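Asker: This is the content of input_17.cif (mmCIF, C-alpha atoms):
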data_protein
loop_
_atom_site.label_atom_id
_atom_site.label_comp_id
_atom_site.auth_asym_id
_atom_site.auth_seq_id
_atom_site.Cartn_x
_atom_site.Cartn_y
_atom_site.Cartn_z
CA MET A 1 -124.26 16.99 -107.80
CA SER A 2 -125.66 18.99 -104.95
CA GLY A 3 -122.52 21.09 -104.52
CA THR A 4 -122.33 22.36 -108.08
CA THR A 5 -123.76 25.73 -108.98
CA THR A 6 -125.49 26.36 -112.25
CA PRO A 7 -125.29 29.64 -114.19
CA GLY A 8 -128.99 30.16 -113.57
CA SER A 9 -128.59 29.96 -109.80
CA VAL A 10 -125.70 32.42 -109.91
CA THR A 11 -127.78 34.83 -111.99
CA SER A 12 -130.73 34.58 -109.61
CA ALA A 13 -128.46 35.04 -106.61
CA LEU A 14 -126.95 38.18 -108.14
CA ARG A 15 -130.42 39.45 -108.98
CA ASP A 16 -131.66 38.99 -105.42
CA ALA A 17 -128.49 40.32 -103.80
CA LYS A 18 -128.63 43.72 -102.15
CA LEU A 19 -126.27 46.19 -103.72
CA ARG A 20 -124.43 48.44 -101.33
CA ALA A 21 -122.53 51.54 -102.23
CA PRO A 22 -118.89 51.48 -101.22
CA SER A 23 -118.19 53.25 -97.97
CA PRO A 24 -116.41 56.60 -98.27
CA LEU A 25 -112.69 56.69 -97.72
CA PHE A 26 -112.99 59.59 -95.29
CA ASP A 27 -115.68 61.63 -93.59
CA ARG A 28 -116.70 64.71 -95.52
CA PRO A 29 -116.39 67.80 -93.31
CA SER A 30 -119.64 69.59 -92.60
CA ALA A 31 -120.31 72.82 -94.47
CA PRO A 32 -119.24 75.92 -92.55
CA ARG A 33 -122.01 77.89 -90.93
CA GLY A 34 -122.10 81.40 -89.66
CA VAL A 35 -122.32 84.93 -90.97
CA PHE A 36 -118.65 85.27 -91.89
CA SER A 37 -117.88 81.58 -92.47
CA SER A 38 -120.11 80.89 -95.48
CA GLN A 39 -121.43 82.99 -98.32
CA GLN A 40 -124.97 81.69 -97.87
CA GLY A 41 -124.98 82.67 -94.21
CA PHE A 42 -123.67 86.14 -95.03
CA LEU A 43 -126.35 86.69 -97.68
CA ARG A 44 -129.09 85.57 -95.31
CA ALA A 45 -127.83 87.92 -92.62
CA LEU A 46 -127.63 90.75 -95.16
CA GLY A 47 -131.17 90.02 -96.32
CA GLY A 48 -132.44 90.06 -92.74
CA LEU A 49 -130.72 93.39 -92.17
CA CYS A 50 -132.35 94.84 -95.29
CA ILE A 51 -135.78 93.69 -94.10
CA VAL A 52 -135.17 95.38 -90.75
CA LEU A 53 -134.18 98.60 -92.54
CA LEU A 54 -137.35 98.44 -94.64
CA ALA A 55 -139.44 98.10 -91.49
CA VAL A 56 -137.64 100.90 -89.65
CA LEU A 57 -137.54 103.48 -92.48
CA PRO A 58 -141.04 104.98 -91.85
CA PHE A 59 -140.11 105.53 -88.20
CA VAL A 60 -137.03 107.47 -89.30
CA ASP A 61 -138.62 109.57 -92.03
CA ALA A 62 -142.30 109.15 -92.95
CA SER A 63 -142.56 112.25 -95.13
CA ARG A 64 -144.55 112.01 -98.32
CA TYR A 65 -141.46 112.53 -100.48
CA THR A 66 -139.40 109.80 -98.79
CA MET A 67 -142.22 107.28 -98.83
CA SER A 68 -142.95 108.00 -102.49
CA ILE A 69 -139.32 107.55 -103.53
CA ALA A 70 -138.90 104.40 -101.42
CA THR A 71 -142.09 102.85 -102.83
CA SER A 72 -141.03 103.60 -106.41
CA ALA A 73 -137.61 102.06 -105.73
CA LEU A 74 -139.22 98.87 -104.41
CA ILE A 75 -141.44 98.64 -107.49
CA TYR A 76 -138.30 99.00 -109.63
CA VAL A 77 -136.77 96.11 -107.68
CA MET A 78 -139.83 93.98 -108.46
CA LEU A 79 -139.63 94.92 -112.13
CA CYS A 80 -135.91 94.18 -112.36
CA MET A 81 -136.32 90.82 -110.63
CA GLY A 82 -138.80 89.84 -113.34
CA LEU A 83 -136.43 90.92 -116.11
CA ASN A 84 -133.63 89.05 -114.37
CA VAL A 85 -135.61 85.83 -114.89
CA VAL A 86 -135.77 86.56 -118.62
CA VAL A 87 -132.29 87.98 -119.21
CA GLY A 88 -130.21 86.78 -116.28
CA TYR A 89 -131.48 83.22 -115.92
CA ALA A 90 -132.74 82.31 -119.40
CA GLY A 91 -130.39 84.56 -121.39
CA LEU A 92 -133.15 86.16 -123.53
CA LEU A 93 -132.35 89.73 -124.54
CA ASP A 94 -135.66 91.57 -124.15
CA LEU A 95 -135.78 95.26 -125.10
CA GLY A 96 -139.56 95.57 -124.82
CA TYR A 97 -140.06 94.40 -121.26
CA ILE A 98 -141.87 97.61 -120.35
CA ALA A 99 -144.82 96.30 -122.44
CA PHE A 100 -145.82 93.85 -119.69
CA PHE A 101 -145.49 96.64 -117.15
CA ALA A 102 -147.97 98.63 -119.24
CA VAL A 103 -150.35 95.66 -119.57
CA GLY A 104 -150.49 95.24 -115.79
CA ALA A 105 -151.02 98.96 -115.19
CA TYR A 106 -153.72 99.40 -117.84
CA VAL A 107 -155.65 96.23 -117.02
CA SER A 108 -155.82 97.13 -113.32
CA GLY A 109 -156.65 100.75 -114.16
CA ILE A 110 -159.51 99.80 -116.50
CA LEU A 111 -160.99 97.21 -114.14
CA THR A 112 -160.96 99.57 -111.15
CA THR A 113 -162.11 102.79 -112.83
CA VAL A 114 -164.41 101.55 -115.62
CA VAL A 115 -165.71 98.23 -114.26
CA GLY A 116 -165.53 99.27 -110.61
CA LEU A 117 -163.74 96.24 -109.18
CA PRO A 118 -161.59 96.57 -106.07
CA MET A 119 -157.88 96.38 -106.67
CA TRP A 120 -157.41 92.95 -105.10
CA MET A 121 -160.05 91.48 -107.42
CA ALA A 122 -158.26 92.99 -110.42
CA LEU A 123 -155.02 91.19 -109.48
CA PRO A 124 -156.02 87.73 -110.90
CA ALA A 125 -157.18 89.37 -114.12
CA THR A 126 -153.90 91.26 -114.35
CA ILE A 127 -151.88 88.06 -113.91
CA LEU A 128 -154.01 86.23 -116.50
CA CYS A 129 -153.71 89.05 -119.05
CA CYS A 130 -149.93 89.19 -118.56
CA MET A 131 -149.68 85.44 -119.10
CA VAL A 132 -151.71 85.72 -122.31
CA ALA A 133 -149.56 88.66 -123.45
CA GLY A 134 -146.42 86.64 -122.69
CA ILE A 135 -147.70 83.74 -124.78
CA ILE A 136 -148.82 85.98 -127.66
CA ILE A 137 -145.51 87.85 -127.77
CA GLY A 138 -143.21 84.99 -126.80
CA ALA A 139 -144.67 82.11 -128.85
CA PRO A 140 -143.64 83.45 -132.28
CA THR A 141 -140.52 85.35 -131.20
CA LEU A 142 -138.68 82.98 -128.85
CA ARG A 143 -137.61 80.81 -131.78
CA LEU A 144 -135.28 83.67 -132.66
CA ARG A 145 -131.95 84.32 -130.98
CA SER A 146 -129.59 87.15 -130.03
CA ASP A 147 -130.07 90.42 -131.93
CA TYR A 148 -133.14 89.25 -133.85
CA LEU A 149 -134.96 88.51 -130.60
CA ALA A 150 -134.01 91.92 -129.21
CA ILE A 151 -135.31 93.75 -132.30
CA VAL A 152 -138.63 91.88 -132.31
CA THR A 153 -139.26 92.44 -128.58
CA LEU A 154 -138.44 96.12 -129.06
CA GLY A 155 -141.10 96.26 -131.76
CA PHE A 156 -143.71 94.59 -129.55
CA GLY A 157 -142.98 97.05 -126.76
CA GLU A 158 -143.67 99.96 -129.08
CA ILE A 159 -146.81 98.26 -130.42
CA ILE A 160 -148.27 98.05 -126.90
CA ARG A 161 -147.51 101.72 -126.21
CA ILE A 162 -148.95 102.94 -129.52
CA THR A 163 -152.04 100.78 -129.08
CA ALA A 164 -152.66 102.26 -125.62
CA ASN A 165 -152.19 105.71 -127.13
CA ASN A 166 -154.95 105.15 -129.71
CA LEU A 167 -157.61 103.16 -127.85
CA LYS A 168 -160.55 104.93 -126.24
CA ILE A 169 -160.82 102.51 -123.31
CA THR A 170 -157.24 103.28 -122.27
CA GLY A 171 -157.90 107.04 -122.30
CA GLY A 172 -155.81 107.74 -125.38
CA PRO A 173 -152.88 110.11 -124.88
CA SER A 174 -154.37 111.36 -121.59
CA GLY A 175 -154.34 107.91 -120.03
CA ILE A 176 -156.35 106.80 -117.01
CA HIS A 177 -156.78 108.97 -113.92
CA GLY A 178 -158.30 108.45 -110.49
CA ILE A 179 -157.08 104.88 -109.98
CA PRO A 180 -158.16 103.90 -106.44
CA THR A 181 -155.96 102.40 -103.77
CA TRP A 182 -156.26 98.87 -102.41
CA SER A 183 -159.41 98.24 -100.41
CA PHE A 184 -160.53 95.17 -98.48
CA GLY A 185 -164.24 95.28 -97.70
CA ASP A 186 -165.16 98.54 -96.02
CA TRP A 187 -161.52 99.39 -95.20
CA SER A 188 -158.87 100.72 -97.56
CA PHE A 189 -155.37 102.06 -97.26
CA ALA A 190 -156.82 105.57 -97.59
CA ASP A 191 -158.43 105.18 -94.15
CA GLY A 192 -155.09 104.72 -92.44
CA LEU A 193 -154.49 102.51 -89.43
CA THR A 194 -153.76 103.11 -85.75
CA ILE A 195 -151.82 100.47 -83.81
CA GLY A 196 -150.78 101.04 -80.20
CA GLY A 197 -151.24 104.78 -80.47
CA LEU A 198 -149.12 104.96 -83.68
CA VAL A 199 -150.92 106.36 -86.70
CA PHE A 200 -149.96 104.83 -90.05
CA PRO A 201 -151.18 106.98 -92.96
CA GLN A 202 -151.98 105.66 -96.41
CA ARG A 203 -148.50 106.20 -97.88
CA VAL A 204 -146.85 104.22 -95.05
CA LEU A 205 -149.33 101.34 -95.27
CA PHE A 206 -148.92 101.11 -99.02
CA TYR A 207 -145.15 101.23 -98.62
CA TYR A 208 -145.25 98.25 -96.25
CA PHE A 209 -147.64 96.43 -98.58
CA VAL A 210 -145.35 96.91 -101.58
CA ALA A 211 -142.31 95.89 -99.52
CA ALA A 212 -144.00 92.66 -98.44
CA ILE A 213 -144.95 91.74 -102.02
CA VAL A 214 -141.50 92.57 -103.38
CA VAL A 215 -139.67 90.59 -100.68
CA LEU A 216 -141.94 87.54 -100.73
CA VAL A 217 -142.83 87.29 -104.42
CA GLY A 218 -140.07 89.19 -106.17
CA VAL A 219 -136.94 88.28 -104.25
CA ILE A 220 -137.69 85.00 -102.45
CA GLY A 221 -139.92 83.64 -105.21
CA ALA A 222 -137.45 84.35 -108.00
CA GLY A 223 -134.59 82.96 -105.92
CA ARG A 224 -136.42 79.70 -105.26
CA LEU A 225 -137.32 79.33 -108.93
CA ALA A 226 -133.69 79.79 -109.93
CA LYS A 227 -132.54 76.98 -107.64
CA GLY A 228 -135.15 74.48 -108.81
CA LYS A 229 -135.34 72.21 -111.82
CA MET A 230 -136.80 74.94 -113.98
CA GLY A 231 -134.06 77.37 -112.98
CA ARG A 232 -131.35 74.87 -113.89
CA ALA A 233 -132.99 74.42 -117.28
CA TRP A 234 -132.99 78.20 -117.80
CA LYS A 235 -129.30 78.45 -116.99
CA ALA A 236 -128.47 75.55 -119.30
CA VAL A 237 -130.30 77.29 -122.15
CA ARG A 238 -128.49 80.53 -121.32
CA ASP A 239 -125.04 78.93 -121.36
CA ASP A 240 -125.48 76.84 -124.53
CA GLU A 241 -128.89 76.29 -126.09
CA ASP A 242 -127.69 73.62 -128.52
CA ALA A 243 -125.99 71.62 -125.78
CA ALA A 244 -129.06 71.94 -123.54
CA GLU A 245 -131.29 70.64 -126.32
CA ALA A 246 -128.89 67.75 -126.94
CA MET A 247 -129.13 66.83 -123.25
CA GLY A 248 -132.93 66.46 -123.53
CA ILE A 249 -134.10 69.89 -122.31
CA ASN A 250 -137.10 71.32 -124.13
CA THR A 251 -135.46 74.68 -124.81
CA TYR A 252 -138.56 76.30 -126.29
CA LEU A 253 -140.67 75.36 -123.27
CA ALA A 254 -137.94 76.60 -120.91
CA LYS A 255 -137.70 79.93 -122.70
CA ILE A 256 -141.43 80.58 -122.90
CA SER A 257 -141.89 79.65 -119.22
CA ALA A 258 -139.24 82.21 -118.27
CA TYR A 259 -140.92 84.77 -120.50
CA ILE A 260 -144.35 84.18 -118.95
CA ILE A 261 -143.02 84.33 -115.39
CA GLY A 262 -141.16 87.54 -116.18
CA ALA A 263 -144.36 88.96 -117.69
CA VAL A 264 -146.33 88.15 -114.52
CA TRP A 265 -143.68 89.83 -112.35
CA ALA A 266 -143.84 92.95 -114.54
CA GLY A 267 -147.65 92.96 -114.52
CA VAL A 268 -147.82 92.88 -110.72
CA ALA A 269 -145.26 95.70 -110.60
CA GLY A 270 -147.36 97.66 -113.10
CA GLN A 271 -150.48 97.28 -110.97
CA LEU A 272 -148.56 98.47 -107.91
CA MET A 273 -147.23 101.46 -109.84
CA ALA A 274 -150.72 102.35 -111.13
CA THR A 275 -151.99 102.35 -107.55
CA HIS A 276 -149.01 104.35 -106.36
CA LEU A 277 -149.32 107.10 -109.00
CA SER A 278 -153.16 106.90 -109.29
CA ALA A 279 -152.71 107.92 -112.96
CA ILE A 280 -151.02 106.35 -115.98
CA SER A 281 -150.41 107.46 -119.56
CA PRO A 282 -148.60 106.05 -122.63
CA ASN A 283 -145.63 108.34 -121.98
CA SER A 284 -144.87 106.32 -118.85
CA PHE A 285 -144.02 103.25 -120.94
CA GLN A 286 -141.50 104.46 -123.49
CA PHE A 287 -138.47 102.52 -124.69
CA LEU A 288 -136.23 104.55 -122.36
CA TYR A 289 -137.68 102.74 -119.35
CA SER A 290 -137.02 99.32 -120.90
CA ALA A 291 -133.42 100.39 -121.41
CA LEU A 292 -133.14 101.62 -117.81
CA ILE A 293 -134.50 98.35 -116.42
CA LEU A 294 -132.13 96.32 -118.59
CA MET A 295 -129.30 98.62 -117.52
CA ALA A 296 -130.12 97.97 -113.86
CA VAL A 297 -129.97 94.18 -114.38
CA VAL A 298 -126.68 94.32 -116.30
CA LEU A 299 -125.20 96.89 -113.93
CA GLY A 300 -125.98 94.88 -110.82
CA GLY A 301 -125.03 91.51 -112.25
CA MET A 302 -127.17 89.25 -114.44
CA GLY A 303 -128.45 86.19 -112.64
CA SER A 304 -127.55 87.57 -109.21
CA THR A 305 -130.36 88.45 -106.81
CA PRO A 306 -128.27 90.82 -104.62
CA GLY A 307 -126.75 92.38 -107.73
CA VAL A 308 -130.12 93.05 -109.36
CA ILE A 309 -131.43 94.66 -106.16
CA ILE A 310 -128.36 96.91 -105.99
CA GLY A 311 -128.68 97.79 -109.68
CA ALA A 312 -132.40 98.61 -109.35
CA LEU A 313 -131.80 100.82 -106.32
CA PHE A 314 -128.92 102.56 -108.07
CA VAL A 315 -130.90 103.32 -111.23
CA SER A 316 -134.01 104.45 -109.33
CA LEU A 317 -132.40 106.41 -106.50
CA ALA A 318 -129.31 107.95 -108.13
CA PRO A 319 -131.24 110.64 -110.09
CA GLU A 320 -133.08 111.62 -106.90
CA LEU A 321 -129.91 111.74 -104.81
CA LEU A 322 -128.29 113.93 -107.48
CA ARG A 323 -131.27 116.30 -107.70
CA ASP A 324 -129.28 119.08 -105.98
CA PHE A 325 -127.03 119.25 -109.05
CA SER A 326 -129.98 120.46 -111.12
CA GLU A 327 -129.39 120.03 -114.88
CA TRP A 328 -126.04 118.32 -114.28
CA ARG A 329 -127.55 115.34 -112.49
CA PHE A 330 -128.23 113.27 -115.61
CA LEU A 331 -124.71 113.90 -116.87
CA ILE A 332 -123.27 112.80 -113.52
CA PHE A 333 -125.58 109.78 -113.54
CA GLY A 334 -124.33 108.78 -116.99
CA VAL A 335 -120.70 109.23 -115.97
CA LEU A 336 -121.27 107.02 -112.92
CA LEU A 337 -122.75 104.31 -115.12
CA VAL A 338 -119.77 104.43 -117.48
CA VAL A 339 -117.31 104.26 -114.58
CA VAL A 340 -119.09 101.27 -113.04
CA MET A 341 -119.17 99.40 -116.34
CA LEU A 342 -115.46 100.10 -116.92
CA PHE A 343 -114.29 98.87 -113.54
CA ARG A 344 -116.98 96.23 -112.93
CA PRO A 345 -117.83 94.82 -116.36
CA SER A 346 -119.51 91.75 -114.82
CA GLY A 347 -121.71 93.89 -112.57
CA LEU A 348 -121.52 95.26 -109.07
CA TRP A 349 -122.36 91.85 -107.60
CA PRO A 350 -122.15 89.13 -110.28
CA SER A 351 -123.61 85.68 -109.80
CA THR A 352 -120.09 84.22 -109.50
CA ALA A 353 -118.99 86.68 -106.83
CA ILE A 354 -117.17 85.29 -103.79
CA LEU A 355 -116.73 87.29 -100.62
CA PRO A 356 -113.15 88.61 -100.27
CA TRP A 357 -112.43 86.90 -96.95
CA LEU A 358 -113.73 83.57 -98.31
CA ARG A 359 -111.66 83.86 -101.48
CA LYS A 360 -108.40 83.85 -99.50
CA ARG A 361 -109.37 80.79 -97.50
CA ARG A 362 -107.72 77.61 -98.75
CA PRO A 363 -109.54 74.29 -98.49
CA VAL A 364 -108.26 72.01 -95.73
CA PRO A 365 -107.45 68.52 -97.08
CA PRO A 366 -109.10 65.58 -95.29
CA PRO A 367 -106.98 63.57 -92.87
CA THR A 368 -106.98 60.53 -95.19
CA GLN A 369 -106.40 60.93 -98.89
CA GLY A 370 -106.37 58.44 -101.70
CA PHE A 371 -106.77 54.76 -100.91
CA LEU A 372 -106.84 53.44 -97.38
CA ALA A 373 -103.66 51.79 -96.10
CA PRO A 374 -103.76 47.95 -96.36
CA VAL A 375 -104.68 46.11 -93.20
CA PRO A 376 -101.74 43.90 -92.01
CA VAL A 377 -102.47 40.15 -91.96
CA ASP A 378 -100.63 37.12 -90.61
CA GLU A 379 -99.66 33.93 -92.43
CA ASP A 380 -103.25 32.64 -92.29
CA ASP A 381 -104.60 35.89 -93.81
CA THR A 382 -106.08 36.87 -90.45
CA PRO A 383 -106.14 40.64 -89.85
CA LEU A 384 -103.81 41.70 -87.07
CA ALA A 385 -104.76 44.11 -84.33
CA ALA A 386 -103.04 47.47 -84.25
CA GLU A 387 -100.70 46.52 -81.36
CA ASP A 388 -99.80 43.17 -82.96
CA ALA A 389 -98.96 44.88 -86.21
CA THR A 390 -96.75 47.36 -84.37
CA ALA A 391 -94.95 44.60 -82.49
CA GLU A 392 -94.43 42.59 -85.68
CA GLU A 393 -93.04 45.65 -87.41
CA GLY A 394 -90.62 46.21 -84.52
CA GLU A 395 -89.38 42.61 -84.70
CA GLY A 396 -88.81 42.97 -88.42
CA ARG A 397 -86.53 45.92 -87.75
#
Give the structure from the file, written as structure tokens.
Answerer:
Amino acid sequence: MSGTTTPGSVTSALRDAKLRAPSPLFDRPSAPRGVFSSQQGFLRALGGLCIVLLAVLPFVDASRYTMSIATSALIYVMLCMGLNVVVGYAGLLDLGYIAFFAVGAYVSGILTTVVGLPMWMALPATILCCMVAGIIIGAPTLRLRSDYLAIVTLGFGEIIRITANNLKITGGPSGIHGIPTWSFGDWSFADGLTIGGLVFPQRVLFYYFVAAIVVLVGVIGAGRLAKGKMGRAWKAVRDDEDAAEAMGINTYLAKISAYIIGAVWAGVAGQLMATHLSAISPNSFQFLYSALILMAVVLGGMGSTPGVIIGALFVSLAPELLRDFSEWRFLIFGVLLVVVMLFRPSGLWPSTAILPWLRKRRPVPPPTQGFLAPVPVDEDDTPLAAEDATAEEGEGR
């Protein structure tokens, strides 16, 4: 019979049919925008304000002391952003992070003073050496967890420092001196720059250069990595490594990628610091500095970009701001750290922080909830218009 349908025809018809997702029951309201209406908008506005302050600071005070302290603080921010990738995103407790800082400083110092390369040509070699160091240190150690990982990384940090203290090419205990500044062709930062009648000396140019690298690479780059696929894998490993592995994430690859990226961040910061100080020695890379960097990340809020910036600035600037208290400044600095950790155990700005005025705001329910009301029909199952349904309802009453 022509009117009968076979199971095969039904199957083919279902296979060729276009599947459509059910229409939503109500329109989702658009996300709030504005500085004080959304947390993302507020953070972007705050970041823009910080960039403006960075640009204006040399016009307010361009003294050698202020520029030196501001440049060192920015390098600390870069260093802490790299450790935040390792500790805050991937959850790897690293107590020897200063080793990668030393690798970047010594590689750039050797290539510029012994080999004679300009600083910008030493940058790729610094990044490559830091990647190799991250693989050498991370490959055998990242199979460990918790306290065992911390102890092993602490040992590697001391191995790097002691090795630099005993090698001839690194200058031994005296270190490397006379590290040149960045030069591009026949011009270098030491020559200064004059724009529109304004003279920018070397310290101001280098300050702007460091600020640009820290903002673009350190802050924006780390933030974009955290929001991507790799960043989600890091956070899954941090929260529960066994569950992440059960869900199909290669936990070892995720951990070593975080370790290598953190090593590159530290190496670039080390090269900037070597240029800034023009001299490095093994005493600049002791365990105390690894502890201070880790303290800055924990103090600001692990996994939080604004928190890590605040923590880095606090750890780097607080001793200088308390310099008037002479020998009491380190005691006051320690007391401030204890007070902050007592009252803000999750950090000054944790990753789960919500702005106070947004926390009090209650979500507005949509106009239609649950299932849609049934459409009224007549005796022939024909949908009625709105006015017909109203009239029929009135007659029923």
Asker: Distance atom CA of Asn283 of chain A-atom CA of Gly109 of chain A, one decimal place?
Answerer: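 Answer for the atom CA of Asn283 of chain A to atom CA of Gly109 of chain A separation: 15.5 Å.
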Asker: Excluding same-chain residues fewer than 2 positions from segment 117-134 of chain A, what lies within 8 Å of it counting all atoms listed in the file, as a list of chain:residue names?
Answerer: A:Phe100, A:Val103, A:Gly104, A:Val107, A:Ser108, A:Leu111, A:Thr112, A:Thr113, A:Val115, A:Ile136, A:Ile137, A:Gly138, A:Ala139, A:Pro180, A:Thr181, A:Trp182, A:Ser183, A:Phe184, A:Ile256, A:Tyr259, A:Ile260, A:Ile261, A:Ala263, A:Val264, A:Gly267, A:Val268, A:Gln271
Asker: Could you write out as a list of chain:residue names the residues that the PyMOL selection byres ((chain A and resi 349) around 7) matches in the shown file?
Answerer: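 On this input, the PyMOL selection byres ((chain A and resi 349) around 7) captures A:Gly300, A:Gly301, A:Ser304, A:Pro306, A:Gly307, A:Gly347, A:Leu348, A:Pro350, A:Ser351, A:Ala353.
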Asker: Give me, as a Markdown table, the closest atom pair and its distance (Å, one decimal) for every residue of segment 240-344 of chain A within a cut-off of 12 Å of segment 143-155 of chain A, counting only C-alpha atoms, rows sorted by chain and rising number.
Answerer:
| residue | atom | partner | partner_atom | distance |
| --- | --- | --- | --- | --- |
| A:Asp240 | CA | A:Arg145 | CA | 11.8 |
| A:Glu241 | CA | A:Arg145 | CA | 9.9 |
| A:Asp242 | CA | A:Arg145 | CA | 11.8 |
| A:Thr251 | CA | A:Arg143 | CA | 9.5 |
| A:Tyr252 | CA | A:Arg143 | CA | 7.2 |
| A:Leu253 | CA | A:Arg143 | CA | 10.6 |
| A:Ala254 | CA | A:Arg143 | CA | 11.7 |
| A:Lys255 | CA | A:Arg143 | CA | 9.1 |
| A:Ile256 | CA | A:Arg143 | CA | 9.7 |
| A:Tyr259 | CA | A:Thr153 | CA | 11.3 |
| A:Gln286 | CA | A:Leu154 | CA | 10.5 |
| A:Phe287 | CA | A:Leu154 | CA | 7.7 |
| A:Leu288 | CA | A:Leu154 | CA | 11.0 |
| A:Tyr289 | CA | A:Leu154 | CA | 11.8 |
| A:Ser290 | CA | A:Leu154 | CA | 8.9 |
| A:Ala291 | CA | A:Leu154 | CA | 10.1 |
| A:Leu294 | CA | A:Ala150 | CA | 11.6 |
Asker: Please enumerate the residues selected by the PyMOL selection byres ((chain A and resi 170-172) around 9) when evaluated against the supplied file, formatted as a PDB file with C-alpha atoms, in the coordinates of the input.
Answerer:
ATOM      1  CA  TYR A 106    -153.720  99.400-117.840  1.00  0.00           C
ATOM      2  CA  VAL A 107    -155.650  96.230-117.020  1.00  0.00           C
ATOM      3  CA  GLY A 109    -156.650 100.750-114.160  1.00  0.00           C
ATOM      4  CA  ILE A 110    -159.510  99.800-116.500  1.00  0.00           C
ATOM      5  CA  THR A 163    -152.040 100.780-129.080  1.00  0.00           C
ATOM      6  CA  ALA A 164    -152.660 102.260-125.620  1.00  0.00           C
ATOM      7  CA  ASN A 165    -152.190 105.710-127.130  1.00  0.00           C
ATOM      8  CA  ASN A 166    -154.950 105.150-129.710  1.00  0.00           C
ATOM      9  CA  LEU A 167    -157.610 103.160-127.850  1.00  0.00           C
ATOM     10  CA  LYS A 168    -160.550 104.930-126.240  1.00  0.00           C
ATOM     11  CA  ILE A 169    -160.820 102.510-123.310  1.00  0.00           C
ATOM     12  CA  PRO A 173    -152.880 110.110-124.880  1.00  0.00           C
ATOM     13  CA  SER A 174    -154.370 111.360-121.590  1.00  0.00           C
ATOM     14  CA  GLY A 175    -154.340 107.910-120.030  1.00  0.00           C
ATOM     15  CA  ILE A 176    -156.350 106.800-117.010  1.00  0.00           C
ATOM     16  CA  HIS A 177    -156.780 108.970-113.920  1.00  0.00           C
ATOM     17  CA  SER A 281    -150.410 107.460-119.560  1.00  0.00           C
ATOM     18  CA  PRO A 282    -148.600 106.050-122.630  1.00  0.00           C
TER      19      PRO A 282
END
Asker: For Pro201 of chain A, which residue out of A:Arg33, A:Arg323, A:Arg64, A:Arg44 is the nearest one, using all atoms listed in the file?
Answerer: A:Arg64
Asker: Distance atom CA of Ser63 of chain A-atom CA of Arg203 of chain A, one decimal place?
Answerer: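 Separation of atom CA of Ser63 of chain A and atom CA of Arg203 of chain A: 8.9 Å.
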Asker: Please identify all polymer residues within 10 Å of Val77 of chain A, counting all atoms listed in the file, omitting same-chain residues fewer than 6 positions from it, and present them as a list in words.
Answerer: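 These residues fall inside the cut-off: Thr71, Leu83, Ala211, Val214, Val215, Gly218, Val219, Ala269, Ile293, Ala296, Val297, Val308, Ile309, Ile310, Gly311, Ala312, Leu313, Val315 and Ser316 of chain A.
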Asker: Anything within 6 Å of (-154.0, 103.2, -106.7): list those residues as a PyMOL selection string, counting only C-alpha atoms and sticking to the file's coordinates.
Answerer: chain A and resi 179-181+274-276+278
